[in-house]
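Presented below is the structure to which this report refers.
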There are 2 protein chains.
Amino acid sequence: MLSNKDSPVSLDQRNATRLRVLEHIRTRGATSRIDIATALNTSPATVTAATADLISAGLIKEVVGESKSKSAKRGRPRVLLQLDGSSYFVAGLKIARQVISVLLVDFEGKEVTLHTHSLNKTSMSPRDLVKTIYTALEEACSRTEMTIGDLSGVSIGIAGLVDAKRNFVHWSSSLTERNVDFSRLFKEYIPCPAFIENDANLVAKAEQLFGLGIGLRNFLVVTIEHGVGLGIVLDGKLYRGERGCGAEFGHAKVQLDGALCQCGQRGCLEAYVGDYALIREMTVATQDRKPETVSDIHERANSGEQMAISVLNRAGQMFGLGISNLINLFDPECIILSGAQMSFEHLCSDEVMDRIQSGVANVDAPLPDIKVHHWGDLMWAKGAAAYGIEQVSILKVKELPTNAA
Amino acid sequence: MLSNKDSPVSLDQRNATRLRVLEHIRTRGATSRIDIATALNTSPATVTAATADLISAGLIKEVVGESKSKSAKRGRPRVLLQLDGSSYFVAGLKIARQVISVLLVDFEGKEVTLHTHSLNKTSMSPRDLVKTIYTALEEACSRTEMTIGDLSGVSIGIAGLVDAKRNFVHWSSSLTERNVDFSRLFKEYIPCPAFIENDANLVAKAEQLFGLGIGLRNFLVVTIEHGVGLGIVLDGKLYRGERGCGAEFGHAKVQLDGALCQCGQRGCLEAYVGDYALIREMTVATQDRKPETVSDIHERANSGEQMAISVLNRAGQMFGLGISNLINLFDPECIILSGAQMSFEHLCSDEVMDRIQSGVANVDAPLPDIKVHHWGDLMWAKGAAAYGIEQVSILKVKELPTNAA
DNA sequence: GTTAAATATTTTACCCGCTGAAATAAATAT
DNA sequence: ATATTTATTTCAGCGGGTAAAATATTTAAC
């Protein structure tokens, strides 16, 4: 009798097909089997098999409705397939300085509830952080009919250097310790799969699944907030680097021995563009009237204050220089500038775009698209949720039986 | 009767396996089938099939000799497989400013002959360039018993912005025209498959196949010569960007509105590090004693001339800044500094390494290796040959019959 | 209203590449 | 000479995918 052991190659192959079908449905919305087969360049028979598996797992469902693509006049109508949001739920968390945001979403990414948990310290020990995350999750669930046990995945975004593959945080301003392996702590406190990632990478995932990156395979997402973050998507996947700490754009050096940065080094982009940098500059220049936020600086600039204009202007020039370097290196399809607040117009001005243009090696081919995306406050948590949905999709597909039931 | 049409998926799958086996033999040298099966995590039966195909195509051959890995005391001895260099020959060309270097190699990369064809102009029309390439190829072949018709591939390295997938050159200092599609010209003049690529990408290929990049999957190669070039290898493949003009490191901006560069922009790394930049600086500072080469500057620095020391020092600082930015973005396994001449010690000094170290976001994990590779003068042409061998390998594998003969 | 045509999906028979087990090959130890 | 060990090849079978046929479900035509 021959072995019945699953050959790993074949298993991976089939799951890869299932995942490709699932991803296509997620990005394109309600689609028919025949359209999926055409789009994925595969046979209808394969799509029938894959979708049957996904339906049995509760990941997708058949819906009634009109096909968006060419509607035939005659013949059997197409059956549309859509994500089934109701089977699984995921929590996306963003660890910010003052607050943890918890966004509970269904499997389509639709918001179930949002909860904000205040922090009294801007940094804490890993164990305390995970305990606080658990509390925040419980509070969020208590607003719904769910319990933590109903969650299929928890995804956590944090600023800093994170090796997501290992749930390992090299360093984060939210932690009092370096080199933290969260996988053990998660197993101890969180009763479902949990993932931690760099926050900018998560926003990149959100752009890819729900935002301006839908359908793109090579793009960069630059996040603008307290600091400057970067997410790199190459060939449809997040690029993280060998040790998981690549895509450090905020601390790219734009000036030899330049301004002092939070990180202790000199000349970092963030030291010219980050909000704390702008506030510091304004404070030095106008001791008596310290601005509280970047919006304050904007207001003063709009009302004609030369110093404010100059500060914002230099930030824009440095930012443009950094972006042009990204284009020179990556030559992406698109760069998405993502921010949750409206306080980064000075980084999207015509002058900045001119600076970018003038810094890119000149070819007679159109520049990559530079798109500005003003998200709501939920940007970061949505990013975490997007990543969680993706990871849980992978887990659920792997759990599918090898042979049809 | 059912269709016998090859399903493209399966065909690609088998060819991918054949190529993986071929690549393994190329990088590891003489190896037995059992070792290949273990290394590629596949079954001996598959390796038997793949190697039989590769042998019938003349790509590899069985050789006698001792296995390098654990030699068993008893049992059937392992049969070693090695590249068969004698079946196919490839020409690697480097278009430099004064000269075209032609390196004829066998399929193992062993030099058959080297020929240098002088140019009387530093730039010419695309058609003239291809004609000149043909002449240079003829001259090189005439030194051997080969003719151009015996070549299985011609690979051409050129400085500038090249979209290798399309054999399209956006811009090159060696051409009097922009936006040149070489595929038609190659068909017209070159009687075998021909490929054109950015020269730094080719050096990266050479490092991957023959040099310090063997076995690495994510590394960067920085070339230092007249200008500064970059080749990016991610997941074992050259990363070229969406329009094929990524990896432009020489024109990355390291200073806002800085020194004027050849390219017409300001603040490019090359404008601080390129040899013409150093010579220009020295000329301004010491009008009466213009240095001819970077080596001259080195000599003067070694003999204690402050101005020369200062010029080289600043170049090193700027270079270190650029490298640290690469590490921050890519977090590679390794960065290889490749140069054909010995005139870049000032870019590998301890001060430069300190500058790199101090510019990399700090994690408690070892920095990527920074390796210095002093090639001979053949560096560029060897790179072209490496790329040619790889491309021809792919072509030959694709030409294999679907069913065993 | 019935039938024909059109189109979507499912079923079925089979192809292809890979695998494990068995067979074979080629050496050494006894 | 025979047993043992190890490498390679052969071979039957598995799993995923496909083309073609079958089936399902609609509209158009009469």
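Every chain in the structure tokens takes a letter, A first, then B, and so on in the order presented; its residues are numbered from 1, and the ligands are numbered from 1 following the presented order.
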
Per DSSP on the backbone, what are the helix (DSSP H, G or I) residues of stretch 237-375 of chain B, as an NGL selection string? :B and (270-273 or 275-285 or 294-302 or 306-330 or 345-347 or 350-359)

Identify every residue of chain B that has at least one atom within 9 Å of any atom of chain A, counting only C-alpha atoms, and report the result as a CSV table (one decimal) with N, CA, C and O atoms, in the first residue's frame.
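Generated file (out-v4.csv):
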chain,number,residue,atom,x,y,z
B,161,LEU,N,20.2,54.3,-18.1
B,161,LEU,CA,18.9,53.8,-17.6
B,161,LEU,C,18.4,52.8,-18.7
B,161,LEU,O,18.0,53.2,-19.8
B,170,HIS,N,16.5,53.9,-22.0
B,170,HIS,CA,15.9,55.2,-21.8
B,170,HIS,C,16.9,56.3,-22.1
B,170,HIS,O,16.6,57.3,-22.8
B,171,TRP,N,18.1,56.1,-21.6
B,171,TRP,CA,19.1,57.1,-21.8
B,171,TRP,C,20.5,56.5,-21.4
B,171,TRP,O,20.6,55.7,-20.5
B,178,ARG,N,17.9,59.3,-27.2
B,178,ARG,CA,17.2,58.7,-26.1
B,178,ARG,C,16.2,57.7,-26.5
B,178,ARG,O,15.8,57.7,-27.7
B,179,ASN,N,15.7,56.9,-25.6
B,179,ASN,CA,14.5,56.0,-25.9
B,179,ASN,C,14.8,55.1,-27.1
B,179,ASN,O,14.0,55.1,-28.1
B,218,ASN,N,19.4,38.1,-0.9
B,218,ASN,CA,19.1,39.5,-0.8
B,218,ASN,C,20.4,40.3,-0.6
B,218,ASN,O,20.9,40.3,0.5
B,230,LEU,N,24.4,50.8,-8.9
B,230,LEU,CA,23.8,49.9,-7.9
B,230,LEU,C,23.1,48.8,-8.6
B,230,LEU,O,22.4,49.0,-9.5
B,239,TYR,N,16.3,43.3,-9.1
B,239,TYR,CA,15.2,44.2,-9.0
B,239,TYR,C,15.4,45.3,-9.9
B,239,TYR,O,16.4,46.0,-9.8
B,240,ARG,N,14.5,45.6,-10.8
B,240,ARG,CA,14.7,46.6,-11.8
B,240,ARG,C,13.7,47.8,-11.7
B,240,ARG,O,13.9,48.8,-12.3
B,241,GLY,N,12.6,47.6,-11.0
B,241,GLY,CA,11.6,48.6,-11.0
B,241,GLY,C,10.6,48.5,-12.1
B,241,GLY,O,10.7,47.7,-13.0
B,242,GLU,N,9.6,49.3,-12.0
B,242,GLU,CA,8.4,49.2,-12.9
B,242,GLU,C,8.8,49.6,-14.3
B,242,GLU,O,8.4,48.9,-15.2
B,243,ARG,N,9.5,50.6,-14.4
B,243,ARG,CA,9.9,51.0,-15.8
B,243,ARG,C,11.3,50.6,-16.2
B,243,ARG,O,11.8,51.0,-17.2
B,244,GLY,N,11.9,49.7,-15.3
B,244,GLY,CA,13.2,49.2,-15.6
B,244,GLY,C,14.3,50.2,-15.2
B,244,GLY,O,15.5,49.9,-15.5
B,245,CYS,N,14.0,51.3,-14.6
B,245,CYS,CA,15.0,52.3,-14.4
B,245,CYS,C,15.1,52.6,-12.9
B,245,CYS,O,15.4,53.7,-12.5
B,246,GLY,N,15.0,51.5,-12.0
B,246,GLY,CA,15.2,51.7,-10.6
B,246,GLY,C,16.7,51.6,-10.3
B,246,GLY,O,17.6,51.6,-11.2
B,247,ALA,N,17.0,51.5,-9.1
B,247,ALA,CA,18.4,51.3,-8.6
B,247,ALA,C,19.4,52.4,-9.1
B,247,ALA,O,20.5,52.2,-9.4
B,248,GLU,N,18.8,53.6,-9.2
B,248,GLU,CA,19.6,54.7,-9.6
B,248,GLU,C,20.2,55.3,-8.3
B,248,GLU,O,19.7,56.2,-7.7
B,249,PHE,N,21.4,54.8,-7.9
B,249,PHE,CA,22.0,55.2,-6.6
B,249,PHE,C,22.9,56.4,-6.9
B,249,PHE,O,23.0,57.3,-6.0
B,251,HIS,N,22.6,58.9,-8.6
B,251,HIS,CA,21.9,60.2,-8.6
B,251,HIS,C,20.9,60.3,-7.5
B,251,HIS,O,20.0,61.2,-7.5
B,252,ALA,N,21.1,59.5,-6.5
B,252,ALA,CA,20.4,59.8,-5.2
B,252,ALA,C,20.9,61.1,-4.7
B,252,ALA,O,22.1,61.4,-4.8
B,253,LYS,N,20.0,61.8,-4.1
B,253,LYS,CA,20.4,63.2,-3.6
B,253,LYS,C,20.9,63.1,-2.1
B,253,LYS,O,20.2,62.5,-1.3
B,254,VAL,N,22.1,63.5,-1.9
B,254,VAL,CA,22.7,63.5,-0.5
B,254,VAL,C,22.8,64.9,0.0
B,254,VAL,O,23.2,65.0,1.2
B,255,GLN,N,22.4,65.9,-0.7
B,255,GLN,CA,22.6,67.3,-0.2
B,255,GLN,C,21.5,68.1,-1.0
B,255,GLN,O,21.5,68.1,-2.2
B,256,LEU,N,20.7,68.8,-0.2
B,256,LEU,CA,19.8,69.7,-0.8
B,256,LEU,C,20.5,70.8,-1.6
B,256,LEU,O,21.4,71.5,-1.1
B,263,CYS,N,24.5,65.0,-14.6
B,263,CYS,CA,23.2,64.8,-15.1
B,263,CYS,C,22.4,66.1,-15.1
B,263,CYS,O,21.2,66.1,-15.5
B,265,GLN,N,21.4,67.7,-12.5
B,265,GLN,CA,20.7,67.9,-11.2
B,265,GLN,C,21.8,68.3,-10.1
B,265,GLN,O,23.0,68.3,-10.4
B,266,ARG,N,21.3,68.6,-9.0
B,266,ARG,CA,22.2,69.1,-7.9
B,266,ARG,C,22.2,68.1,-6.7
B,266,ARG,O,21.1,67.6,-6.4
B,267,GLY,N,23.3,67.9,-6.1
B,267,GLY,CA,23.3,67.1,-4.8
B,267,GLY,C,23.4,65.6,-5.0
B,267,GLY,O,23.2,64.9,-4.0
B,268,CYS,N,23.6,65.2,-6.3
B,268,CYS,CA,23.7,63.7,-6.5
B,268,CYS,C,24.9,63.2,-5.8
B,268,CYS,O,26.0,63.8,-5.7
B,317,GLN,N,32.7,60.5,3.3
B,317,GLN,CA,31.6,60.8,4.2
B,317,GLN,C,30.2,60.7,3.5
B,317,GLN,O,29.3,60.1,4.0
B,318,MET,N,30.2,61.3,2.3
B,318,MET,CA,29.0,61.3,1.5
B,318,MET,C,28.6,59.8,1.1
B,318,MET,O,27.5,59.4,1.1
B,321,LEU,N,27.2,58.0,4.0
B,321,LEU,CA,25.8,58.4,4.2
B,321,LEU,C,24.9,57.6,3.2
B,321,LEU,O,23.8,57.1,3.6
B,322,GLY,N,25.3,57.6,2.0
B,322,GLY,CA,24.4,56.9,1.0
B,322,GLY,C,24.3,55.4,1.3
B,322,GLY,O,23.2,54.9,1.2
B,324,SER,N,24.5,54.0,4.2
B,324,SER,CA,23.7,53.8,5.4
B,324,SER,C,22.2,53.9,5.0
B,324,SER,O,21.4,53.2,5.5
B,325,ASN,N,21.9,54.8,4.1
B,325,ASN,CA,20.5,54.9,3.6
B,325,ASN,C,20.1,53.6,2.9
B,325,ASN,O,18.9,53.2,3.1
B,326,LEU,N,20.9,53.0,2.1
B,326,LEU,CA,20.6,51.8,1.5
B,326,LEU,C,20.3,50.7,2.5
B,326,LEU,O,19.3,49.9,2.4
B,327,ILE,N,21.1,50.6,3.6
B,327,ILE,CA,20.9,49.6,4.6
B,327,ILE,C,19.6,49.9,5.3
B,327,ILE,O,18.8,49.0,5.6
B,328,ASN,N,19.3,51.2,5.6
B,328,ASN,CA,18.0,51.5,6.3
B,328,ASN,C,16.8,51.1,5.4
B,328,ASN,O,15.8,50.6,6.0
B,329,LEU,N,16.9,51.2,4.1
B,329,LEU,CA,15.8,50.9,3.3
B,329,LEU,C,15.7,49.4,3.0
B,329,LEU,O,14.6,48.8,3.1
B,330,PHE,N,16.8,48.8,2.7
B,330,PHE,CA,16.7,47.4,2.2
B,330,PHE,C,17.1,46.3,3.2
B,330,PHE,O,16.7,45.2,3.1
B,331,ASP,N,17.8,46.7,4.3
B,331,ASP,CA,18.2,45.7,5.3
B,331,ASP,C,18.6,44.4,4.6
B,331,ASP,O,18.1,43.4,4.8
B,332,PRO,N,19.7,44.5,3.8
B,332,PRO,CA,20.1,43.3,3.0
B,332,PRO,C,21.0,42.4,3.8
B,332,PRO,O,21.4,42.8,4.9
B,333,GLU,N,21.2,41.2,3.3
B,333,GLU,CA,22.1,40.3,3.9
B,333,GLU,C,23.5,40.9,3.9
B,333,GLU,O,24.3,40.7,4.8
B,358,SER,N,27.1,54.6,12.0
B,358,SER,CA,26.4,55.7,12.7
B,358,SER,C,25.1,56.2,12.0
B,358,SER,O,24.3,56.9,12.6
B,359,GLY,N,25.0,55.8,10.7
B,359,GLY,CA,23.8,56.2,10.0
B,359,GLY,C,22.7,55.2,9.9
B,359,GLY,O,21.6,55.4,9.4
B,360,VAL,N,23.0,54.0,10.4
B,360,VAL,CA,22.0,52.9,10.3
B,360,VAL,C,21.2,52.9,11.6
B,360,VAL,O,21.7,53.0,12.7
B,361,ALA,N,19.9,52.7,11.4
B,361,ALA,CA,19.0,52.6,12.5
B,361,ALA,C,19.4,51.5,13.4
B,361,ALA,O,19.7,50.4,12.9
B,362,ASN,N,19.5,51.8,14.6
B,362,ASN,CA,20.2,50.9,15.6
B,362,ASN,C,19.4,49.7,16.0
B,362,ASN,O,18.3,49.9,16.7
B,363,VAL,N,19.8,48.5,15.7
B,363,VAL,CA,19.2,47.3,16.3
B,363,VAL,C,20.3,46.5,16.9
B,363,VAL,O,21.4,46.5,16.5
B,364,ASP,N,19.9,45.6,17.8
B,364,ASP,CA,20.8,44.7,18.4
B,364,ASP,C,21.0,43.5,17.6
B,364,ASP,O,20.9,42.4,18.1
B,365,ALA,N,21.2,43.7,16.3
B,365,ALA,CA,21.4,42.5,15.5
B,365,ALA,C,22.6,43.0,14.6
B,365,ALA,O,22.7,44.2,14.3
B,368,PRO,N,24.5,44.4,8.3
B,368,PRO,CA,24.8,43.6,7.1
B,368,PRO,C,26.3,43.5,6.8
B,368,PRO,O,27.0,44.5,7.1

Can you pull out the residues contacting stretch 8-18 of chain C? Cut-off 8 Å, using only C-alpha atoms (C1' of nucleotides), and skip same-chain residues under 2 positions away; I want them as a ChimeraX atom specification. /A:34,44-45,48,75-78 /B:2,10,13-14,43,46 /D:18,21-24

Specify as an MDAnalysis selection string all residues of chain D found within 10 Å of chain A, counting only C-alpha atoms (C1' of nucleotides). chainID D and resid 12:19 24:28

Go ahead and write the selection's residues with N, CA, C and O atoms (P, O5', C5', C4', C3', O3' and C1' of nucleotides) as a tab-separated table (two decimals), in the first residue's frame.
chain	number	residue	atom	x	y	z
D	12	DA	P	4.52	-0.12	-13.74
D	12	DA	O5'	3.41	0.02	-12.60
D	12	DA	C5'	3.68	-0.55	-11.30
D	12	DA	C4'	3.04	0.34	-10.26
D	12	DA	C3'	1.62	0.79	-10.60
D	12	DA	O3'	0.84	0.75	-9.41
D	12	DA	C1'	2.96	2.67	-10.25
D	13	DG	P	-0.67	1.12	-9.40
D	13	DG	O5'	-0.70	2.51	-8.62
D	13	DG	C5'	0.01	2.61	-7.39
D	13	DG	C4'	-0.03	4.06	-6.94
D	13	DG	C3'	-1.39	4.74	-7.14
D	13	DG	O3'	-1.64	5.56	-6.03
D	13	DG	C1'	0.26	6.00	-8.19
D	14	DC	P	-3.09	6.02	-5.67
D	14	DC	O5'	-2.83	7.45	-5.05
D	14	DC	C5'	-1.60	7.72	-4.36
D	14	DC	C4'	-1.34	9.21	-4.39
D	14	DC	C3'	-2.62	10.04	-4.45
D	14	DC	O3'	-2.50	11.14	-3.56
D	14	DC	C1'	-1.21	10.59	-6.27
D	15	DG	P	-3.79	11.92	-3.07
D	15	DG	O5'	-3.48	13.40	-3.54
D	15	DG	C5'	-2.15	13.91	-3.43
D	15	DG	C4'	-2.05	15.13	-4.32
D	15	DG	C3'	-3.35	15.93	-4.38
D	15	DG	O3'	-3.02	17.30	-4.27
D	15	DG	C1'	-2.71	15.27	-6.56
D	16	DG	P	-4.12	18.39	-4.04
D	16	DG	O5'	-3.95	19.22	-5.38
D	16	DG	C5'	-2.70	19.86	-5.66
D	16	DG	C4'	-2.71	20.30	-7.09
D	16	DG	C3'	-3.93	21.16	-7.45
D	16	DG	O3'	-3.48	22.32	-8.12
D	16	DG	C1'	-3.70	19.36	-8.98
D	17	DG	P	-4.46	23.46	-8.59
D	17	DG	O5'	-4.54	23.20	-10.16
D	17	DG	C5'	-3.35	23.29	-10.94
D	17	DG	C4'	-3.66	22.79	-12.32
D	17	DG	C3'	-4.89	23.46	-12.95
D	17	DG	O3'	-4.50	24.21	-14.11
D	17	DG	C1'	-4.97	21.08	-13.18
D	18	DT	P	-5.59	25.01	-14.92
D	18	DT	O5'	-5.95	24.01	-16.09
D	18	DT	C5'	-4.91	23.48	-16.90
D	18	DT	C4'	-5.51	22.54	-17.92
D	18	DT	C3'	-6.71	23.13	-18.65
D	18	DT	O3'	-6.46	23.19	-20.02
D	18	DT	C1'	-7.21	20.94	-17.78
D	19	DA	P	-7.48	23.94	-20.98
D	19	DA	O5'	-8.13	22.73	-21.81
D	19	DA	C5'	-7.29	21.73	-22.38
D	19	DA	C4'	-8.17	20.68	-23.01
D	19	DA	C3'	-9.27	21.23	-23.91
D	19	DA	O3'	-9.48	20.30	-24.96
D	19	DA	C1'	-10.25	20.14	-22.02
D	24	DA	P	-28.84	19.13	-14.53
D	24	DA	O5'	-28.65	20.71	-14.56
D	24	DA	C5'	-27.68	21.30	-13.70
D	24	DA	C4'	-27.78	22.81	-13.84
D	24	DA	C3'	-29.21	23.34	-13.79
D	24	DA	O3'	-29.20	24.46	-12.93
D	24	DA	C1'	-28.15	24.07	-15.76
D	25	DT	P	-30.53	25.11	-12.42
D	25	DT	O5'	-30.65	26.41	-13.32
D	25	DT	C5'	-29.60	27.37	-13.30
D	25	DT	C4'	-29.83	28.36	-14.40
D	25	DT	C3'	-31.27	28.84	-14.54
D	25	DT	O3'	-31.28	30.24	-14.59
D	25	DT	C1'	-30.42	28.24	-16.62
D	26	DT	P	-32.56	31.04	-14.04
D	26	DT	O5'	-32.96	31.87	-15.35
D	26	DT	C5'	-32.27	33.04	-15.65
D	26	DT	C4'	-31.85	33.07	-17.11
D	26	DT	C3'	-32.88	33.56	-18.11
D	26	DT	O3'	-33.00	34.97	-18.05
D	26	DT	C1'	-31.42	31.90	-19.03
D	27	DT	P	-34.18	35.73	-18.72
D	27	DT	O5'	-33.72	35.78	-20.23
D	27	DT	C5'	-32.53	36.48	-20.61
D	27	DT	C4'	-32.32	36.34	-22.11
D	27	DT	C3'	-33.40	36.99	-22.96
D	27	DT	O3'	-32.77	37.61	-24.07
D	27	DT	C1'	-33.28	34.68	-23.47
D	28	DA	P	-33.60	38.45	-25.12
D	28	DA	O5'	-33.70	37.41	-26.33
D	28	DA	C5'	-32.51	37.00	-26.99
D	28	DA	C4'	-32.86	36.23	-28.24
D	28	DA	C3'	-33.91	36.88	-29.14
D	28	DA	O3'	-33.49	36.70	-30.49
D	28	DA	C1'	-34.69	34.75	-28.41

Please identify all polymer residues within 10 Å of A:Leu347, counting only C-alpha atoms (C1' of nucleotides), omitting same-chain residues fewer than 4 positions from it, and present them as number ranges by chain. A: 224, 273, 312-320, 337, 343, 351-353, 372

Now that the selection is made, can you save its residues with N, CA and C atoms as a CSV table (one decimal), in the first residue's frame?
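Generated file (result03.csv):
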chain,number,residue,atom,x,y,z
A,224,ILE,N,2.6,59.7,7.2
A,224,ILE,CA,3.0,61.0,7.8
A,224,ILE,C,2.2,61.2,9.1
A,273,VAL,N,11.2,66.7,9.2
A,273,VAL,CA,9.8,66.6,8.7
A,273,VAL,C,8.8,66.2,9.8
A,312,LEU,N,7.9,75.3,7.3
A,312,LEU,CA,7.2,74.3,6.6
A,312,LEU,C,7.8,74.1,5.2
A,313,ASN,N,8.3,75.2,4.7
A,313,ASN,CA,8.9,75.1,3.3
A,313,ASN,C,10.1,74.2,3.4
A,314,ARG,N,11.0,74.4,4.4
A,314,ARG,CA,12.2,73.5,4.4
A,314,ARG,C,11.8,72.0,4.6
A,315,ALA,N,10.8,71.8,5.5
A,315,ALA,CA,10.4,70.4,5.6
A,315,ALA,C,9.9,69.8,4.3
A,316,GLY,N,9.2,70.6,3.5
A,316,GLY,CA,8.7,70.1,2.2
A,316,GLY,C,9.9,69.8,1.3
A,317,GLN,N,10.9,70.7,1.3
A,317,GLN,CA,12.0,70.5,0.4
A,317,GLN,C,12.8,69.2,0.8
A,318,MET,N,13.0,69.0,2.1
A,318,MET,CA,13.7,67.8,2.5
A,318,MET,C,12.8,66.5,2.2
A,319,PHE,N,11.5,66.7,2.4
A,319,PHE,CA,10.6,65.5,2.1
A,319,PHE,C,10.7,65.2,0.6
A,320,GLY,N,10.6,66.2,-0.2
A,320,GLY,CA,10.7,66.0,-1.6
A,320,GLY,C,12.0,65.3,-2.0
A,337,LEU,N,1.0,58.8,-0.4
A,337,LEU,CA,1.3,59.5,0.8
A,337,LEU,C,0.0,59.4,1.7
A,343,SER,N,-2.9,67.6,8.5
A,343,SER,CA,-1.8,68.6,8.8
A,343,SER,C,-0.5,68.3,7.9
A,351,GLU,N,5.3,72.9,-4.8
A,351,GLU,CA,6.8,73.0,-4.6
A,351,GLU,C,7.4,71.7,-4.3
A,352,VAL,N,6.8,70.9,-3.4
A,352,VAL,CA,7.3,69.6,-3.1
A,352,VAL,C,7.3,68.7,-4.3
A,353,MET,N,6.2,68.7,-5.1
A,353,MET,CA,6.2,67.9,-6.3
A,353,MET,C,7.2,68.3,-7.3
A,372,VAL,N,-2.2,61.2,-2.9
A,372,VAL,CA,-2.3,61.6,-1.5
A,372,VAL,C,-3.6,61.0,-0.9

Pick out the chain C residues within 6 Å of chain B. Count only C-alpha atoms (C1' of nucleotides). Give them as a ChimeraX atom specification. /C:26-28

Could you find all residues in stretch 181-374 of chain A that DSSP calls strand (DSSP E or B) from the backbone, and write them as an MDAnalysis selection string? chainID A and resid 181 194:198 219:224 228:234 237:238 253 260 266 268 334:339 369:374

Show which residues sit within 12 Å of A:Gln306, as an mmCIF file with C-alpha atoms, in the first residue's frame. Count only C-alpha atoms (C1' of nucleotides), and ignore same-chain residues fewer than 5 positions away.
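result32.cif, freshly written:
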data_model
loop_
_atom_site.group_PDB
_atom_site.id
_atom_site.type_symbol
_atom_site.label_atom_id
_atom_site.label_comp_id
_atom_site.auth_asym_id
_atom_site.auth_seq_id
_atom_site.Cartn_x
_atom_site.Cartn_y
_atom_site.Cartn_z
ATOM 1 C CA MET A 282 9.302 77.151 15.635
ATOM 2 C CA ALA A 285 12.688 80.845 16.355
ATOM 3 C CA THR A 286 9.824 82.350 18.327
ATOM 4 C CA ILE A 297 2.111 76.264 12.384
ATOM 5 C CA HIS A 298 -0.095 75.922 9.321
ATOM 6 C CA GLU A 299 -2.413 78.593 10.637
ATOM 7 C CA ARG A 300 0.416 80.972 11.299
ATOM 8 C CA ALA A 301 1.854 80.310 7.864
ATOM 9 C CA VAL A 311 9.844 76.095 8.549
ATOM 10 C CA LEU A 312 7.151 74.324 6.558
ATOM 11 C CA ASN A 313 8.922 75.083 3.342
#

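With atom CA of B:Glu197 on one side and atom CA of B:Leu260 on the other, the separation reads 26.7 Å.
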
Determine, counting only C-alpha atoms (C1' of nucleotides), which protein, DNA and RNA residues have an atom within 9 Å of an atom of stretch 99-111 of chain A; residues of the same chain fewer than 2 positions away are not included. Present the result as a count of residues only. 43

Work out how far atom CA of B:Glu145 is from atom CA of B:Ala57, in Å to one decimal. 22.5 Å

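Interatomic distance, atom CA of A:Gly376 against atom CA of A:Ala340: 5.2 Å.
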
D:DC11 surroundings by only C-alpha atoms (C1' of nucleotides), 12 Å radius, close-in-sequence under 3 positions cut, as an NGL selection string: (:B and (45)) or (:C and (19-23))
